[in-house]
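Chemist: Structure incoming, see below.
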Number of protein chains: 2
Amino acid sequence: MADRAEPAVKAGSGPEPTRDATLRSFTGYTMKRAFHAIQADLKDVLEPFGLRMLTFSALVVVVDNPGLRQAELADALVIERPNMVLIVDQLVEAGLISRAPAEGDRRAYALRPTEEGRALYQRATAAVRAHDERMTKNLDEEKRQLLVSALGLIEAVQWEEDDNGERS
Amino acid sequence: MADRAEPAVKAGSGPEPTRDATLRSFTGYTMKRAFHAIQADLKDVLEPFGLRMLTFSALVVVVDNPGLRQAELADALVIERPNMVLIVDQLVEAGLISRAPAEGDRRAYALRPTEEGRALYQRATAAVRAHDERMTKNLDEEKRQLLVSALGLIEAVQWEEDDNGERS
DNA sequence: GCATAACTGTTACTAGATATAACAGTTATG
DNA sequence: CATAACTGTTATATCTAGTAACAGTTATGC
């Protein structure tokens with residue numbers, strides 16, 4: 001804690017001196033690094049299909065919930081409606097989903113997958129599943145379940161913070 | 001799997017029908033959502049200190065490793081060198097760290113925290129620790145340890161993929 | 001009924017993170 | 001000493017994410 005002048009790390013003293021020990025004690029930092037690795041790998045996995053993480057996610061939700069509206073899709077993916085427009089545009093232009101007028105509400109669109117969209121869904125989902133298994137290959141199934149469970153509990157915290165007066 | 005016409009979800013049929021069941025089976029998707037929640041909360045935590053996630057991380061590493069260079073800092077945080085410039089600029093302008101010429105190498109700068117930087121480090125780190133404990137309050141210590149361990153194993157996958165011929 | 005509020009998708013704009021190419025100055029290597 | 005490699009930097013590009021504001025449509029309250 002004293003203000004030493006020059007010690008710290010000298011070039012070539014070791015391979016990787018682990019300079020982020022303090023940050024490693026934070027769950028969020030460790031998660032950021034792990035997610036960064038997943039993101040980079042997944043990007044390469046989806047590229048051959050002409051998809052990004054967001055367009056893949058949107059396609060999956062539309063295939064699983066044909067007929068839903070853009071606002072519902074945005075809610076499901078926790079994306080703001082304005083940001084949903086370009087994502088849906090891209091999927092429509094790629095011929096993977098269709099934007100048909102929703103019957104009974106002239107404001108809204110009903111999103112449905114095309115045949116092509118369903119076919120790509122199958123192939124892309126399989127590739128992403130393989131990617132996921134590759135990224136978690138060092139975890140046994142029990143640990144992977146615990147990981148997903150823990151992540152769910154962390155995400156849920158934001159929905160329960162209304163009465164204990166901690167954060168608004 | 002058949003191409004049903006209109007079923008899916010009708011407005012008002014339920015509160016939150018869980019339209020992303022398929023995506024939930026992917027570790028990366030669950031992690032993205034959890035990390036998104038952490039990011040949003042952490043942003044609010046750091047704002048009073050005039051820090052962002054990246055500037056906070058950089059400050060912590062500089063305080064813990066006084067004298068290190070920008071390239072070393074970038075490596076430690078897995079950030080490209082060009083992106084490090086603005087982050088260091090911001091910390092220098094805020095008077096939290098100093099960019100002094102590295103002795104023995106006229107190319108490089110040695111980064112060191114100022115007194116002000118060390119003081120803010122203490123306060124911000126405490127706030128982030130509280131934030132981290134709040135986000136993981138639904139996990140007992142064993143589960144939290146398992147989470148961090150699992151995240152580390154996932155991140156490590158990218159460093160061991162050179163000989164099994166899966167991905168370049 | 002009808003004024004008002006709320007919702008739909010959209011445009012425009014902003015801020016931030018991340019990545020690459022290319023550069024001048026400096027140091028290391030053969 | 002010529003060449004390669006490294007330092008920080010600029011410029012540029014893409015993607016994510018968020019807010020404000022809008023016209024058209026639907027729902028609500030009186």
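Identifiers in this document derive from the order of the structure tokens: chains are assigned A, B, ..., residues are numbered from 1 separately in each chain, and ligands are numbered from 1 in order of occurrence.
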Tell me, as a PyMOL selection string, which residues lie within 12 Å of C:DA5, counting only C-alpha atoms (C1' of nucleotides); anything in the same chain fewer than 3 positions away does not count.
Modeler: chain D and resi 26-29
Chemist: Per DSSP on the backbone, filter chain B down to the residues in strand (DSSP E or B) and report them as a ChimeraX atom specification.
Modeler: /B:68,97-101,109-113
Chemist: Can you superpose chain B onto chain A by least squares over all C-alpha atoms paired in order and give the moved copy as a short mmCIF file (atom, residue, chain, number, x, y, z; two decimals) with N, CA and C atoms, in the first residue's frame?
Modeler:
data_model
loop_
_atom_site.label_atom_id
_atom_site.label_comp_id
_atom_site.auth_asym_id
_atom_site.auth_seq_id
_atom_site.Cartn_x
_atom_site.Cartn_y
_atom_site.Cartn_z
N MET B 1 1.15 -0.85 -0.41
CA MET B 1 0.33 0.36 -0.36
C MET B 1 1.18 1.62 -0.38
N ALA B 2 2.47 1.52 0.04
CA ALA B 2 3.35 2.69 -0.03
C ALA B 2 3.61 3.06 -1.49
N ASP B 3 4.05 4.27 -1.71
CA ASP B 3 4.23 4.70 -3.09
C ASP B 3 5.63 4.38 -3.57
N ARG B 4 5.86 3.11 -3.75
CA ARG B 4 7.14 2.65 -4.26
C ARG B 4 7.36 3.25 -5.64
N ALA B 5 8.61 3.48 -5.95
CA ALA B 5 8.89 4.21 -7.18
C ALA B 5 8.83 3.33 -8.43
N GLU B 6 9.69 2.37 -8.54
CA GLU B 6 9.85 1.74 -9.85
C GLU B 6 9.59 0.24 -9.90
N PRO B 7 9.23 -0.40 -8.82
CA PRO B 7 9.24 -1.87 -8.80
C PRO B 7 8.24 -2.47 -9.78
N ALA B 8 7.12 -2.87 -9.25
CA ALA B 8 6.04 -3.39 -10.09
C ALA B 8 6.52 -4.52 -10.99
N VAL B 9 6.53 -4.27 -12.27
CA VAL B 9 6.83 -5.35 -13.20
C VAL B 9 7.91 -4.90 -14.17
N LYS B 10 8.91 -5.70 -14.28
CA LYS B 10 9.94 -5.41 -15.28
C LYS B 10 9.70 -6.29 -16.49
N ALA B 11 9.98 -5.74 -17.63
CA ALA B 11 9.76 -6.51 -18.87
C ALA B 11 10.58 -7.79 -18.83
N GLY B 12 9.91 -8.89 -19.03
CA GLY B 12 10.62 -10.16 -19.10
C GLY B 12 10.78 -10.86 -17.76
N SER B 13 10.17 -10.31 -16.73
CA SER B 13 10.30 -10.96 -15.43
C SER B 13 9.48 -12.25 -15.37
N GLY B 14 8.47 -12.37 -16.23
CA GLY B 14 7.65 -13.59 -16.25
C GLY B 14 6.71 -13.56 -17.44
N PRO B 15 6.03 -14.64 -17.65
CA PRO B 15 5.16 -14.74 -18.82
C PRO B 15 3.92 -13.85 -18.69
N GLU B 16 3.10 -14.12 -17.68
CA GLU B 16 1.89 -13.32 -17.46
C GLU B 16 1.66 -13.17 -15.96
N PRO B 17 2.13 -12.06 -15.43
CA PRO B 17 2.19 -11.87 -13.98
C PRO B 17 0.84 -11.71 -13.30
N THR B 18 -0.26 -11.86 -14.02
CA THR B 18 -1.58 -11.70 -13.40
C THR B 18 -1.70 -10.35 -12.74
N ARG B 19 -1.82 -9.33 -13.53
CA ARG B 19 -1.86 -7.98 -12.99
C ARG B 19 -3.28 -7.56 -12.58
N ASP B 20 -4.26 -8.43 -12.78
CA ASP B 20 -5.64 -8.04 -12.50
C ASP B 20 -6.24 -8.82 -11.34
N ALA B 21 -5.39 -9.13 -10.37
CA ALA B 21 -5.84 -9.95 -9.24
C ALA B 21 -7.04 -9.33 -8.53
N THR B 22 -6.98 -8.03 -8.30
CA THR B 22 -8.10 -7.36 -7.61
C THR B 22 -9.38 -7.49 -8.41
N LEU B 23 -9.28 -7.23 -9.70
CA LEU B 23 -10.48 -7.30 -10.54
C LEU B 23 -11.05 -8.71 -10.59
N ARG B 24 -10.16 -9.70 -10.52
CA ARG B 24 -10.60 -11.10 -10.57
C ARG B 24 -11.51 -11.45 -9.41
N SER B 25 -11.43 -10.68 -8.36
CA SER B 25 -12.29 -10.99 -7.21
C SER B 25 -13.73 -10.53 -7.44
N PHE B 26 -13.95 -9.79 -8.53
CA PHE B 26 -15.31 -9.35 -8.84
C PHE B 26 -15.97 -10.30 -9.82
N THR B 27 -17.16 -10.73 -9.47
CA THR B 27 -17.90 -11.65 -10.35
C THR B 27 -18.09 -11.05 -11.73
N GLY B 28 -18.44 -9.77 -11.76
CA GLY B 28 -18.73 -9.13 -13.04
C GLY B 28 -17.53 -9.11 -13.97
N TYR B 29 -16.35 -8.88 -13.42
CA TYR B 29 -15.15 -8.84 -14.26
C TYR B 29 -14.86 -10.21 -14.86
N THR B 30 -14.94 -11.23 -14.04
CA THR B 30 -14.70 -12.58 -14.53
C THR B 30 -15.73 -12.95 -15.60
N MET B 31 -16.97 -12.50 -15.37
CA MET B 31 -18.02 -12.79 -16.35
C MET B 31 -17.78 -12.05 -17.65
N LYS B 32 -17.31 -10.84 -17.53
CA LYS B 32 -17.03 -10.07 -18.74
C LYS B 32 -15.99 -10.77 -19.59
N ARG B 33 -14.94 -11.26 -18.96
CA ARG B 33 -13.88 -11.91 -19.72
C ARG B 33 -14.38 -13.20 -20.35
N ALA B 34 -15.14 -13.98 -19.59
CA ALA B 34 -15.68 -15.23 -20.15
C ALA B 34 -16.64 -14.93 -21.30
N PHE B 35 -17.48 -13.93 -21.10
CA PHE B 35 -18.45 -13.60 -22.15
C PHE B 35 -17.75 -13.06 -23.38
N HIS B 36 -16.67 -12.33 -23.16
CA HIS B 36 -15.89 -11.82 -24.29
C HIS B 36 -15.36 -12.98 -25.13
N ALA B 37 -14.89 -14.02 -24.47
CA ALA B 37 -14.37 -15.19 -25.19
C ALA B 37 -15.50 -15.87 -25.97
N ILE B 38 -16.66 -16.00 -25.32
CA ILE B 38 -17.80 -16.63 -25.99
C ILE B 38 -18.23 -15.82 -27.19
N GLN B 39 -18.30 -14.51 -27.01
CA GLN B 39 -18.74 -13.62 -28.07
C GLN B 39 -17.84 -13.74 -29.30
N ALA B 40 -16.53 -13.73 -29.06
CA ALA B 40 -15.59 -13.79 -30.17
C ALA B 40 -15.76 -15.10 -30.94
N ASP B 41 -15.90 -16.20 -30.20
CA ASP B 41 -16.05 -17.50 -30.85
C ASP B 41 -17.39 -17.58 -31.59
N LEU B 42 -18.44 -17.12 -30.93
CA LEU B 42 -19.77 -17.21 -31.53
C LEU B 42 -19.88 -16.38 -32.80
N LYS B 43 -19.18 -15.26 -32.80
CA LYS B 43 -19.20 -14.41 -34.00
C LYS B 43 -18.70 -15.20 -35.22
N ASP B 44 -17.60 -15.92 -35.02
CA ASP B 44 -17.06 -16.71 -36.12
C ASP B 44 -18.00 -17.84 -36.51
N VAL B 45 -18.70 -18.40 -35.51
CA VAL B 45 -19.62 -19.50 -35.79
C VAL B 45 -20.80 -19.02 -36.63
N LEU B 46 -21.29 -17.84 -36.34
CA LEU B 46 -22.51 -17.35 -37.01
C LEU B 46 -22.21 -16.70 -38.36
N GLU B 47 -20.99 -16.25 -38.56
CA GLU B 47 -20.67 -15.52 -39.78
C GLU B 47 -21.00 -16.31 -41.05
N PRO B 48 -20.66 -17.61 -41.12
CA PRO B 48 -21.00 -18.36 -42.33
C PRO B 48 -22.49 -18.39 -42.64
N PHE B 49 -23.32 -18.17 -41.63
CA PHE B 49 -24.77 -18.16 -41.84
C PHE B 49 -25.29 -16.75 -42.15
N GLY B 50 -24.38 -15.78 -42.17
CA GLY B 50 -24.81 -14.41 -42.40
C GLY B 50 -25.55 -13.83 -41.22
N LEU B 51 -25.30 -14.37 -40.05
CA LEU B 51 -26.02 -13.92 -38.85
C LEU B 51 -25.06 -13.30 -37.84
N ARG B 52 -25.61 -12.40 -37.02
CA ARG B 52 -24.91 -11.87 -35.86
C ARG B 52 -25.60 -12.44 -34.63
N MET B 53 -25.03 -12.15 -33.46
CA MET B 53 -25.66 -12.64 -32.24
C MET B 53 -27.11 -12.18 -32.17
N LEU B 54 -27.36 -10.92 -32.45
CA LEU B 54 -28.70 -10.38 -32.28
C LEU B 54 -29.66 -10.91 -33.34
N THR B 55 -29.20 -11.01 -34.58
CA THR B 55 -30.10 -11.52 -35.62
C THR B 55 -30.37 -13.01 -35.39
N PHE B 56 -29.38 -13.74 -34.93
CA PHE B 56 -29.61 -15.15 -34.61
C PHE B 56 -30.64 -15.29 -33.49
N SER B 57 -30.45 -14.52 -32.43
CA SER B 57 -31.39 -14.58 -31.32
C SER B 57 -32.80 -14.25 -31.78
N ALA B 58 -32.93 -13.21 -32.59
CA ALA B 58 -34.25 -12.81 -33.06
C ALA B 58 -34.87 -13.90 -33.93
N LEU B 59 -34.06 -14.48 -34.82
CA LEU B 59 -34.59 -15.55 -35.67
C LEU B 59 -35.11 -16.71 -34.83
N VAL B 60 -34.35 -17.09 -33.81
CA VAL B 60 -34.76 -18.21 -32.97
C VAL B 60 -36.10 -17.91 -32.30
N VAL B 61 -36.24 -16.71 -31.78
CA VAL B 61 -37.48 -16.39 -31.07
C VAL B 61 -38.67 -16.34 -32.04
N VAL B 62 -38.43 -15.85 -33.25
CA VAL B 62 -39.52 -15.78 -34.23
C VAL B 62 -39.94 -17.20 -34.65
N VAL B 63 -38.97 -18.06 -34.87
CA VAL B 63 -39.31 -19.44 -35.26
C VAL B 63 -40.08 -20.13 -34.13
N ASP B 64 -39.65 -19.90 -32.91
CA ASP B 64 -40.31 -20.54 -31.77
C ASP B 64 -41.66 -19.92 -31.43
N ASN B 65 -41.87 -18.68 -31.90
CA ASN B 65 -43.12 -17.97 -31.58
C ASN B 65 -43.68 -17.28 -32.82
N PRO B 66 -44.04 -18.05 -33.82
CA PRO B 66 -44.51 -17.43 -35.06
C PRO B 66 -45.73 -16.56 -34.82
N GLY B 67 -45.71 -15.38 -35.43
CA GLY B 67 -46.84 -14.49 -35.31
C GLY B 67 -46.66 -13.38 -34.29
N LEU B 68 -45.60 -13.44 -33.52
CA LEU B 68 -45.44 -12.40 -32.50
C LEU B 68 -45.06 -11.06 -33.12
N ARG B 69 -45.24 -10.00 -32.36
CA ARG B 69 -44.98 -8.65 -32.87
C ARG B 69 -43.56 -8.20 -32.55
N GLN B 70 -43.17 -7.12 -33.16
CA GLN B 70 -41.82 -6.61 -32.92
C GLN B 70 -41.63 -6.21 -31.46
N ALA B 71 -42.62 -5.57 -30.89
CA ALA B 71 -42.48 -5.13 -29.50
C ALA B 71 -42.33 -6.34 -28.57
N GLU B 72 -43.07 -7.41 -28.89
CA GLU B 72 -42.95 -8.62 -28.07
C GLU B 72 -41.57 -9.26 -28.24
N LEU B 73 -41.10 -9.22 -29.47
CA LEU B 73 -39.76 -9.75 -29.74
C LEU B 73 -38.71 -8.95 -28.98
N ALA B 74 -38.87 -7.63 -29.03
CA ALA B 74 -37.93 -6.77 -28.32
C ALA B 74 -37.95 -7.05 -26.82
N ASP B 75 -39.16 -7.22 -26.27
CA ASP B 75 -39.27 -7.53 -24.84
C ASP B 75 -38.59 -8.85 -24.52
N ALA B 76 -38.81 -9.84 -25.38
CA ALA B 76 -38.26 -11.16 -25.11
C ALA B 76 -36.73 -11.12 -25.06
N LEU B 77 -36.15 -10.28 -25.91
CA LEU B 77 -34.69 -10.21 -25.99
C LEU B 77 -34.10 -9.07 -25.17
N VAL B 78 -34.96 -8.34 -24.46
CA VAL B 78 -34.51 -7.19 -23.68
C VAL B 78 -33.74 -6.21 -24.57
N ILE B 79 -34.39 -5.84 -25.69
CA ILE B 79 -33.81 -4.87 -26.61
C ILE B 79 -34.82 -3.74 -26.77
N GLU B 80 -34.35 -2.53 -26.90
CA GLU B 80 -35.26 -1.41 -27.09
C GLU B 80 -35.90 -1.51 -28.48
N ARG B 81 -37.14 -1.07 -28.57
CA ARG B 81 -37.87 -1.18 -29.84
C ARG B 81 -37.14 -0.52 -31.00
N PRO B 82 -36.60 0.66 -30.82
CA PRO B 82 -35.90 1.27 -31.96
C PRO B 82 -34.76 0.41 -32.50
N ASN B 83 -34.08 -0.28 -31.61
CA ASN B 83 -32.96 -1.10 -32.06
C ASN B 83 -33.44 -2.39 -32.73
N MET B 84 -34.68 -2.73 -32.48
CA MET B 84 -35.24 -3.95 -33.08
C MET B 84 -35.49 -3.76 -34.57
N VAL B 85 -35.74 -2.54 -34.98
CA VAL B 85 -36.12 -2.28 -36.37
C VAL B 85 -35.07 -2.80 -37.34
N LEU B 86 -33.84 -2.40 -37.15
CA LEU B 86 -32.78 -2.79 -38.08
C LEU B 86 -32.55 -4.30 -38.06
N ILE B 87 -32.70 -4.89 -36.89
CA ILE B 87 -32.50 -6.34 -36.79
C ILE B 87 -33.56 -7.07 -37.61
N VAL B 88 -34.82 -6.65 -37.45
CA VAL B 88 -35.89 -7.28 -38.22
C VAL B 88 -35.72 -6.98 -39.71
N ASP B 89 -35.35 -5.73 -40.01
CA ASP B 89 -35.08 -5.38 -41.41
C ASP B 89 -34.09 -6.37 -42.04
N GLN B 90 -33.03 -6.60 -41.31
CA GLN B 90 -31.98 -7.46 -41.85
C GLN B 90 -32.48 -8.89 -42.09
N LEU B 91 -33.28 -9.40 -41.14
CA LEU B 91 -33.81 -10.75 -41.31
C LEU B 91 -34.81 -10.81 -42.46
N VAL B 92 -35.60 -9.75 -42.64
CA VAL B 92 -36.56 -9.72 -43.74
C VAL B 92 -35.83 -9.66 -45.07
N GLU B 93 -34.82 -8.79 -45.14
CA GLU B 93 -34.05 -8.66 -46.38
C GLU B 93 -33.34 -9.95 -46.74
N ALA B 94 -32.96 -10.71 -45.71
CA ALA B 94 -32.29 -11.99 -45.96
C ALA B 94 -33.30 -13.07 -46.30
N GLY B 95 -34.58 -12.74 -46.27
CA GLY B 95 -35.60 -13.72 -46.63
C GLY B 95 -35.84 -14.78 -45.57
N LEU B 96 -35.49 -14.45 -44.32
CA LEU B 96 -35.60 -15.46 -43.26
C LEU B 96 -36.91 -15.35 -42.49
N ILE B 97 -37.46 -14.14 -42.42
CA ILE B 97 -38.75 -13.95 -41.77
C ILE B 97 -39.60 -13.00 -42.62
N SER B 98 -40.89 -12.98 -42.33
CA SER B 98 -41.78 -12.06 -43.05
C SER B 98 -42.44 -11.12 -42.06
N ARG B 99 -42.70 -9.89 -42.54
CA ARG B 99 -43.34 -8.88 -41.70
C ARG B 99 -44.72 -8.63 -42.30
N ALA B 100 -45.72 -9.36 -41.82
CA ALA B 100 -47.08 -9.23 -42.34
C ALA B 100 -47.91 -8.41 -41.37
N PRO B 101 -48.90 -7.67 -41.89
CA PRO B 101 -49.76 -6.89 -41.00
C PRO B 101 -50.49 -7.80 -40.02
N ALA B 102 -50.48 -7.41 -38.76
CA ALA B 102 -51.16 -8.21 -37.74
C ALA B 102 -52.65 -7.99 -37.87
N GLU B 103 -53.40 -9.08 -37.93
CA GLU B 103 -54.84 -8.92 -38.09
C GLU B 103 -55.47 -8.47 -36.77
N GLY B 104 -56.31 -7.44 -36.88
CA GLY B 104 -56.95 -6.93 -35.68
C GLY B 104 -56.24 -5.73 -35.09
N ASP B 105 -55.07 -5.39 -35.62
CA ASP B 105 -54.32 -4.23 -35.13
C ASP B 105 -53.50 -3.66 -36.28
N ARG B 106 -53.97 -2.55 -36.83
CA ARG B 106 -53.30 -2.03 -38.01
C ARG B 106 -51.98 -1.33 -37.70
N ARG B 107 -51.64 -1.25 -36.41
CA ARG B 107 -50.33 -0.67 -36.08
C ARG B 107 -49.23 -1.70 -36.23
N ALA B 108 -49.56 -2.93 -35.82
CA ALA B 108 -48.51 -3.92 -35.57
C ALA B 108 -48.24 -4.82 -36.76
N TYR B 109 -47.09 -5.45 -36.71
CA TYR B 109 -46.70 -6.46 -37.68
C TYR B 109 -46.63 -7.82 -36.98
N ALA B 110 -47.01 -8.86 -37.71
CA ALA B 110 -46.83 -10.21 -37.20
C ALA B 110 -45.61 -10.82 -37.88
N LEU B 111 -44.66 -11.25 -37.08
CA LEU B 111 -43.41 -11.80 -37.63
C LEU B 111 -43.52 -13.31 -37.71
N ARG B 112 -43.20 -13.83 -38.87
CA ARG B 112 -43.22 -15.28 -39.06
C ARG B 112 -42.01 -15.71 -39.86
N PRO B 113 -41.48 -16.89 -39.55
CA PRO B 113 -40.32 -17.38 -40.30
C PRO B 113 -40.75 -17.87 -41.69
N THR B 114 -39.87 -17.70 -42.64
CA THR B 114 -40.08 -18.32 -43.95
C THR B 114 -39.55 -19.75 -43.90
N GLU B 115 -39.79 -20.49 -44.97
CA GLU B 115 -39.21 -21.83 -45.03
C GLU B 115 -37.70 -21.76 -44.92
N GLU B 116 -37.16 -20.78 -45.64
CA GLU B 116 -35.71 -20.58 -45.59
C GLU B 116 -35.26 -20.26 -44.16
N GLY B 117 -36.03 -19.45 -43.48
CA GLY B 117 -35.70 -19.10 -42.12
C GLY B 117 -35.70 -20.30 -41.19
N ARG B 118 -36.71 -21.16 -41.35
CA ARG B 118 -36.76 -22.37 -40.53
C ARG B 118 -35.59 -23.30 -40.83
N ALA B 119 -35.22 -23.37 -42.09
CA ALA B 119 -34.09 -24.23 -42.46
C ALA B 119 -32.79 -23.70 -41.83
N LEU B 120 -32.61 -22.38 -41.94
CA LEU B 120 -31.38 -21.81 -41.38
C LEU B 120 -31.39 -21.94 -39.86
N TYR B 121 -32.54 -21.80 -39.27
CA TYR B 121 -32.69 -21.98 -37.82
C TYR B 121 -32.13 -23.32 -37.40
N GLN B 122 -32.51 -24.36 -38.13
CA GLN B 122 -32.03 -25.70 -37.78
C GLN B 122 -30.51 -25.78 -37.85
N ARG B 123 -29.97 -25.30 -38.96
CA ARG B 123 -28.52 -25.42 -39.14
C ARG B 123 -27.75 -24.54 -38.15
N ALA B 124 -28.21 -23.30 -37.99
CA ALA B 124 -27.50 -22.37 -37.11
C ALA B 124 -27.60 -22.80 -35.66
N THR B 125 -28.77 -23.27 -35.27
CA THR B 125 -28.94 -23.72 -33.89
C THR B 125 -28.00 -24.89 -33.57
N ALA B 126 -27.88 -25.79 -34.53
CA ALA B 126 -26.97 -26.92 -34.31
C ALA B 126 -25.53 -26.44 -34.15
N ALA B 127 -25.16 -25.47 -34.99
CA ALA B 127 -23.79 -24.94 -34.92
C ALA B 127 -23.55 -24.23 -33.59
N VAL B 128 -24.55 -23.46 -33.14
CA VAL B 128 -24.40 -22.73 -31.89
C VAL B 128 -24.36 -23.71 -30.71
N ARG B 129 -25.14 -24.79 -30.82
CA ARG B 129 -25.11 -25.79 -29.75
C ARG B 129 -23.72 -26.42 -29.66
N ALA B 130 -23.15 -26.69 -30.82
CA ALA B 130 -21.79 -27.25 -30.82
C ALA B 130 -20.80 -26.25 -30.23
N HIS B 131 -20.97 -25.00 -30.61
CA HIS B 131 -20.12 -23.93 -30.05
C HIS B 131 -20.25 -23.89 -28.53
N ASP B 132 -21.49 -23.96 -28.05
CA ASP B 132 -21.73 -23.88 -26.62
C ASP B 132 -21.08 -25.05 -25.88
N GLU B 133 -21.19 -26.22 -26.49
CA GLU B 133 -20.58 -27.40 -25.84
C GLU B 133 -19.06 -27.30 -25.85
N ARG B 134 -18.53 -26.69 -26.91
CA ARG B 134 -17.08 -26.51 -26.97
C ARG B 134 -16.61 -25.54 -25.89
N MET B 135 -17.36 -24.47 -25.71
CA MET B 135 -16.95 -23.47 -24.71
C MET B 135 -17.07 -24.00 -23.28
N THR B 136 -17.97 -24.95 -23.07
CA THR B 136 -18.19 -25.48 -21.72
C THR B 136 -17.64 -26.89 -21.58
N LYS B 137 -16.73 -27.26 -22.44
CA LYS B 137 -16.25 -28.65 -22.44
C LYS B 137 -15.46 -29.00 -21.18
N ASN B 138 -14.95 -27.97 -20.49
CA ASN B 138 -14.21 -28.23 -19.26
C ASN B 138 -15.10 -28.29 -18.02
N LEU B 139 -16.40 -28.16 -18.24
CA LEU B 139 -17.35 -28.26 -17.13
C LEU B 139 -18.15 -29.55 -17.26
N ASP B 140 -18.25 -30.28 -16.16
CA ASP B 140 -19.15 -31.43 -16.21
C ASP B 140 -20.59 -30.91 -16.17
N GLU B 141 -21.53 -31.79 -16.48
CA GLU B 141 -22.91 -31.33 -16.63
C GLU B 141 -23.45 -30.69 -15.35
N GLU B 142 -23.02 -31.22 -14.22
CA GLU B 142 -23.48 -30.64 -12.96
C GLU B 142 -23.02 -29.20 -12.81
N LYS B 143 -21.75 -28.97 -13.11
CA LYS B 143 -21.22 -27.62 -12.99
C LYS B 143 -21.87 -26.68 -13.99
N ARG B 144 -22.14 -27.19 -15.18
CA ARG B 144 -22.77 -26.34 -16.18
C ARG B 144 -24.17 -25.94 -15.73
N GLN B 145 -24.89 -26.89 -15.16
CA GLN B 145 -26.22 -26.58 -14.65
C GLN B 145 -26.14 -25.53 -13.55
N LEU B 146 -25.16 -25.70 -12.67
CA LEU B 146 -24.99 -24.73 -11.58
C LEU B 146 -24.66 -23.35 -12.13
N LEU B 147 -23.83 -23.33 -13.17
CA LEU B 147 -23.47 -22.05 -13.80
C LEU B 147 -24.71 -21.35 -14.32
N VAL B 148 -25.49 -22.08 -15.12
CA VAL B 148 -26.70 -21.48 -15.70
C VAL B 148 -27.66 -21.03 -14.61
N SER B 149 -27.78 -21.85 -13.58
CA SER B 149 -28.66 -21.50 -12.47
C SER B 149 -28.18 -20.23 -11.77
N ALA B 150 -26.87 -20.15 -11.54
CA ALA B 150 -26.31 -18.97 -10.87
C ALA B 150 -26.51 -17.72 -11.72
N LEU B 151 -26.31 -17.85 -13.02
CA LEU B 151 -26.49 -16.70 -13.91
C LEU B 151 -27.94 -16.23 -13.88
N GLY B 152 -28.85 -17.18 -13.83
CA GLY B 152 -30.26 -16.82 -13.75
C GLY B 152 -30.58 -16.07 -12.47
N LEU B 153 -29.97 -16.51 -11.37
CA LEU B 153 -30.22 -15.84 -10.09
C LEU B 153 -29.67 -14.42 -10.09
N ILE B 154 -28.54 -14.24 -10.76
CA ILE B 154 -27.96 -12.89 -10.83
C ILE B 154 -28.85 -11.97 -11.66
N GLU B 155 -29.31 -12.49 -12.79
CA GLU B 155 -30.16 -11.66 -13.63
C GLU B 155 -31.45 -11.28 -12.89
N ALA B 156 -31.93 -12.21 -12.08
CA ALA B 156 -33.21 -12.00 -11.41
C ALA B 156 -33.14 -10.90 -10.35
N VAL B 157 -31.94 -10.59 -9.88
CA VAL B 157 -31.81 -9.58 -8.82
C VAL B 157 -32.44 -8.26 -9.24
N GLN B 158 -32.29 -7.91 -10.50
CA GLN B 158 -32.79 -6.61 -10.95
C GLN B 158 -34.31 -6.51 -10.85
N TRP B 159 -34.99 -7.65 -10.81
CA TRP B 159 -36.45 -7.63 -10.78
C TRP B 159 -37.02 -7.63 -9.38
N GLU B 160 -36.16 -7.75 -8.38
CA GLU B 160 -36.66 -7.86 -7.01
C GLU B 160 -36.22 -6.67 -6.16
N GLU B 161 -35.72 -5.62 -6.82
CA GLU B 161 -35.20 -4.49 -6.05
C GLU B 161 -36.16 -3.31 -6.08
N ASP B 162 -37.29 -3.47 -5.42
CA ASP B 162 -38.24 -2.37 -5.43
C ASP B 162 -38.70 -1.99 -4.04
N ASP B 163 -38.46 -2.87 -3.06
CA ASP B 163 -39.03 -2.59 -1.75
C ASP B 163 -37.98 -2.46 -0.65
N ASN B 164 -36.78 -2.96 -0.88
CA ASN B 164 -35.79 -2.88 0.18
C ASN B 164 -34.98 -1.59 0.15
N GLY B 165 -35.38 -0.70 -0.74
CA GLY B 165 -34.84 0.65 -0.71
C GLY B 165 -33.36 0.78 -1.02
N GLU B 166 -32.79 -0.20 -1.67
CA GLU B 166 -31.37 -0.09 -1.98
C GLU B 166 -31.11 0.81 -3.19
N ARG B 167 -31.62 0.35 -4.33
CA ARG B 167 -31.44 1.13 -5.55
C ARG B 167 -32.79 1.33 -6.22
N SER B 168 -32.95 2.46 -6.90
CA SER B 168 -34.24 2.75 -7.50
C SER B 168 -34.49 1.87 -8.70
#
Chemist: Go through chain D and flag each residue having an atom no more than 12 Å from chain B; for those, report the closest pair of atoms plus their distance in Å to one decimal, using only C-alpha atoms (C1' of nucleotides), ordered by chain and rising number, as a tab-separated table.
Modeler:
residue	atom	partner	partner_atom	distance
D:DC6	C1'	B:Arg107	CA	8.7
D:DT7	C1'	B:Arg107	CA	4.8
D:DG8	C1'	B:Ala108	CA	7.1
D:DT9	C1'	B:Pro82	CA	7.2
D:DT10	C1'	B:Pro82	CA	8.8
D:DA11	C1'	B:Pro82	CA	10.5
D:DT12	C1'	B:Pro82	CA	11.7
D:DT16	C1'	B:His36	CA	11.4
D:DA17	C1'	B:His36	CA	10.7
D:DG18	C1'	B:Ala40	CA	11.4
Chemist: Within 10 Å of chain A, which residues of chain C come that close, and what is the closest atom pair and distance in Å for each? Count only C-alpha atoms (C1' of nucleotides) and give it as a Markdown table.
Modeler:
| residue | atom | partner | partner_atom | distance |
| --- | --- | --- | --- | --- |
| C:DC7 | C1' | A:Arg107 | CA | 8.7 |
| C:DT8 | C1' | A:Arg107 | CA | 4.8 |
| C:DG9 | C1' | A:Ala108 | CA | 7.1 |
| C:DT10 | C1' | A:Pro82 | CA | 7.3 |
| C:DT11 | C1' | A:Pro82 | CA | 8.8 |
